[in-house]
Structure formats: C-alpha cells, structure tokens
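As structure tokens, the structure follows; a few thoughts come after it.
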Amino acid sequence: MSSGVEPQQVLARAREVVSSCTGFRDTAISPSAVDRVVRAELARGRSASDLLAELQRPGAPLARALLDAVLVGETYFFRHPEQFRFLASEAVPAALRRGNSVLRGWSAGCASGEETYSIAACLLGTVPQGVRVEVLGTDLHEGRLEAARRGVYGNWSRREAGPLLHPLYVEVAEGRVSILDPVRAVTRFAQANLLEPLPDSHGRFDVIFCRNVLTYFSPDAVQTALGHLARALVPGGHLLLGTVEVDHPPAGLVRVGPPELQAFRRPTPKELAPPPKAVVREPEPVKVSARATPPPAPRPPPPPSPVLLHTEALHRIEGGDEAGASTILEKLLQQFRDYLPGMLELALLRERAGAREAAFALMHTVRDNAARLPPDQIIEGPEPLPARFYRASADAFLTLGAIE
C-alpha cells in the first residue's frame, strides 16, 4: 500500500532542513545536490515516507548527508592577501597596544582549514617573542574539519591569487604540502554553527575572519550571524568579511581601512563613553519690533533624495520585506539612473530572489559605471564609499558566480 508521500514532498522538506540548519537562502541551496542525496536513499530501497519521517528528527543522518552535500568549500591559502596584510600591519599592532600577551584569531566557516592556518602563520610571523598565538577554525562540515586537522593539501590550496606571505607549509610529495609544526601547534578546529553563539569556552577574539560565507545566507541569518560574530570580538578587535557580504558596518562595529577591505572594529568602552555635556546658556530674549515683517511663506519640500529612498529600502529589508525594498529601489533607479549604491543593492536582492540573470546584468552595469569613475571618487549613499568599492564588489560577485 502506498504511503501517499511523494518524492517531491521529501525534496521540499530536505530544503527546509538545510535552510534551517545553515541559514542559507533558498536560492543558494543547490537543487541538484539535494536531489542527489534523496534519490540515492530512494535507490537503496527506502520509502519516501521513511525519509520524510527521518527529516523530522534534528541531527538525523540524512540531514547530515544533506548538509555535507550543499556546504560550499571554496578556499585556499592567503585568499584575499590584502586582508592578511591589514592583519599584520594594523590589527596586530592595535592588539599589542592594548597590552595583549595572547593574540587570538577565529576563522568562522573555515571549510578545510586553509584560512585558519593562514591566520595562524600571519600572527606567528608578526607578533614579538613572548606573545602567545591561538587560532580557532570552525565549520558545520565535520568531514572538512577532519581534513583540516590532517593539514595536508594539494595544488588547489595554493594559487597565484594567494601569495605565500608567511612560512606556512613544507613540501612532502609531488604536489602535496604539509602544514609546519609551529603553525599546527597554535591551531585547533571545532564544529560550530554561525546561527548560534559560539560557546563561551572558546573565549573571545582579537580578530575574526568570516569571508565568503554570509554570501549564501538569508537576510535574517546574516543579521543573526553578524550579531554572534560581533559579540565574540574583544573591545578593539577586528572582523574581516568577504567583499559583497555587507554594504554597511554591522551593528556595534565601525568600518576601518578602505571600504573594499571590508574590515570592521569593535569600539572600546572609552570610545563609547559619551562626551562631557557642554554648558548651555539661555538665549537672550529677542526684541520684536511692532512693525516686524511677516515670516516668509513656507517653501515646498525638496524632492526625495536617492539616499533617503535607499535608506527606506534598507529599513524594508531589515523588516523582512524584500519585495517592497525591490519596488522602492526600482523606482529609485528610474529617477536616478546612475545611482551606484541602489544598483548594487537591487542586484543583491535579485540574486537572493533567484533572478540570477537580472542580478548579473545589473552587476555588470555597476562594474562598468564604477570603472568610468575615478577610483577614489566618493559616491554618496547610506554610507559614503569610493567608486573602487563598487568596482571591487561587482568583480567579486561576478567572479563568484562564474566559480559556482
């Protein structure tokens, strides 16, 4: 007798499970990866009703298999080297000025560990003798964490885009390298979910790297993860994100360095202290002449600026109304056709809604328009940013799409 459960019901539930566990928006979940896992279980003779029942249980083996299939593992040593240079030249000296005897780093969403080891090598190559280094790498994918702990890598982990900025590995065989013992000694790995606070046992960090992870998250999941990351920073600590993951500082943090660096700092308590109150003198009474002229007629209100409209769209996004935000941005761009911040925002919204062709077309326009401007020209928006930020963001978005 048929159970009445169709494979499509199992596939739909499987996507729900992946989304709830990872924070991925629906369009970032590979349909073919989900289908492959479910079809393989059906081919083993399991019924659709059995699979659907298993997917109701948190942490079930089938749910783990789905996560392993959809999680993205694209990484390599010293990826985005400009951020490691910032770590060595700005973040580490700032931590040392705070009197740190231990510098702690966290690679959040570390995949197979190349980023974690790169952070460790950078810190070891930068701190003075006597300062201890500790680096944590976390990921949802236990299989990739096991590979990270082994610390043996092939050519795919070494690329021209990631120059060897600090001693990191030794050749062990043709095309294979092994992480140096001093780097291994300061590095550890643990399973963790960015949708949940990192356990207090891991402590807090002077620097956190979370790059090319939030790109796949839903808007709500992005805000949840950013909140957890910000709270895991020590006062004065730095968070480094991927190029197109946020277009304004996360709550409680301030931007540092050039915008395209995507580096943010948690202010210290001293910086957050309110300034002393100024003494306010009562104004002198104004003598009004009996023959005073009448006040001028009120001027008509100015037309809405693109920044105000864009800010309204951001409020819609934060409230979960992405469709309303898209409508505002579309109308905005009809009035202000060259407004780069609105183009970028709308392209990201379209991509999250699954309209990839429209998103890519708009992002090409962002890149082309930004390329025609002087790189340091400031573009007014909710956060004033230089043209080079929009060029770099568009390049990163289009490159990531090509990789996928």
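The way I read the labels, and the way they are meant: chains A, B, ... in the order of the structure tokens, residue 1 as the first residue of every chain, and ligand 1 as the first ligand shown, with later ones counted on from there.
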Please extract the residues of segment 31-178 of chain A with a backbone DSSP assignment of strand (DSSP E) and present them as a list of chain:residue names. A:Val102, A:Leu103, A:Arg104, A:Gly105, A:Trp106, A:Ser107, A:Ala108, A:Arg132, A:Val133, A:Glu134, A:Val135, A:Leu136, A:Gly137, A:Thr138, A:Asp139, A:Val152, A:Tyr153, A:Tyr169, A:Val170, A:Glu171, A:Val172, A:Ala173, A:Arg176, A:Val177, A:Ser178
Between segment 345-403 of chain A and segment 313-327 of chain A, at 12 Å or less, what are the per-residue closest atom pairs and their distances in Å? Count only C-alpha atoms, order by chain and rising residue number, and return it as JSON lines.
{"residue": "A:Glu345", "atom": "CA", "partner": "A:Ser326", "partner_atom": "CA", "distance": 8.7}
{"residue": "A:Leu346", "atom": "CA", "partner": "A:Ser326", "partner_atom": "CA", "distance": 6.2}
{"residue": "A:Ala347", "atom": "CA", "partner": "A:Ser326", "partner_atom": "CA", "distance": 9.4}
{"residue": "A:Leu348", "atom": "CA", "partner": "A:Ser326", "partner_atom": "CA", "distance": 10.0}
{"residue": "A:Leu349", "atom": "CA", "partner": "A:Ser326", "partner_atom": "CA", "distance": 6.9}
{"residue": "A:Arg350", "atom": "CA", "partner": "A:Ser326", "partner_atom": "CA", "distance": 8.0}
{"residue": "A:Glu351", "atom": "CA", "partner": "A:Ser326", "partner_atom": "CA", "distance": 11.5}
{"residue": "A:Arg352", "atom": "CA", "partner": "A:Glu322", "partner_atom": "CA", "distance": 9.4}
{"residue": "A:Ala353", "atom": "CA", "partner": "A:Glu322", "partner_atom": "CA", "distance": 8.7}
{"residue": "A:Ala359", "atom": "CA", "partner": "A:Ser326", "partner_atom": "CA", "distance": 11.9}
{"residue": "A:Gly381", "atom": "CA", "partner": "A:Leu314", "partner_atom": "CA", "distance": 11.4}
{"residue": "A:Pro382", "atom": "CA", "partner": "A:Leu314", "partner_atom": "CA", "distance": 9.0}
{"residue": "A:Glu383", "atom": "CA", "partner": "A:Leu314", "partner_atom": "CA", "distance": 11.8}
Quick one: of A:Ala192, A:Val17, A:Ile378, A:Ala94, who's nearest to Pro258 of chain A, counting only C-alpha atoms?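 Closest residue, counting only C-alpha atoms: A:Ile378.
Nearest to Phe84 of chain A of all the residues A:Ser112, A:Asn369, A:Thr126, A:Gln56 is A:Thr126, counting only C-alpha atoms.
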Close residues, segment 18-35 of chain A itself excluded, 6 Å, only C-alpha atoms, min 3 positions apart in chain, as a VMD selection string: chain A and resid 15 38 to 39 69 216 to 218 221 354
Write out as JSON lines a residue-level contact list of segment 24-115 of chain A versus segment 159-183 of chain A with cut-off 9 Å: for each qualifying residue the closest pair of atoms and the distance in Å to one decimal, counting only C-alpha atoms, rows sorted by chain and residue number upward.
{"residue": "A:Tyr76", "atom": "CA", "partner": "A:Arg159", "partner_atom": "CA", "distance": 7.1}
{"residue": "A:Phe77", "atom": "CA", "partner": "A:Gly162", "partner_atom": "CA", "distance": 5.9}
{"residue": "A:Phe78", "atom": "CA", "partner": "A:Gly162", "partner_atom": "CA", "distance": 4.7}
{"residue": "A:Arg79", "atom": "CA", "partner": "A:Gly162", "partner_atom": "CA", "distance": 4.9}
{"residue": "A:His80", "atom": "CA", "partner": "A:Gly162", "partner_atom": "CA", "distance": 6.6}
{"residue": "A:Pro81", "atom": "CA", "partner": "A:Gly162", "partner_atom": "CA", "distance": 6.0}
{"residue": "A:Phe84", "atom": "CA", "partner": "A:Leu165", "partner_atom": "CA", "distance": 8.2}
{"residue": "A:Arg85", "atom": "CA", "partner": "A:Leu165", "partner_atom": "CA", "distance": 8.3}
From the DSSP assignment of the backbone, select every residue of segment 38-274 of chain A that is helix (DSSP H, G or I), and format the answer as an MDAnalysis selection string. chainID A and resid 38:43 48:54 61:70 81:97 114:124 142:150 155:157 181:185 200:202 214:216 219:231 259:261 269:272
Under the rule that only C-alpha atoms are counted, which of A:Val135, A:Val127, A:Ala111, A:Leu51 is the nearest residue to Ala14 of chain A? A:Leu51
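The shortest atom-to-atom distance to Val152 of chain A, with only C-alpha atoms taken into account, belongs to A:Glu114 out of A:Glu114, A:Glu134, A:Asp338, A:Glu330.
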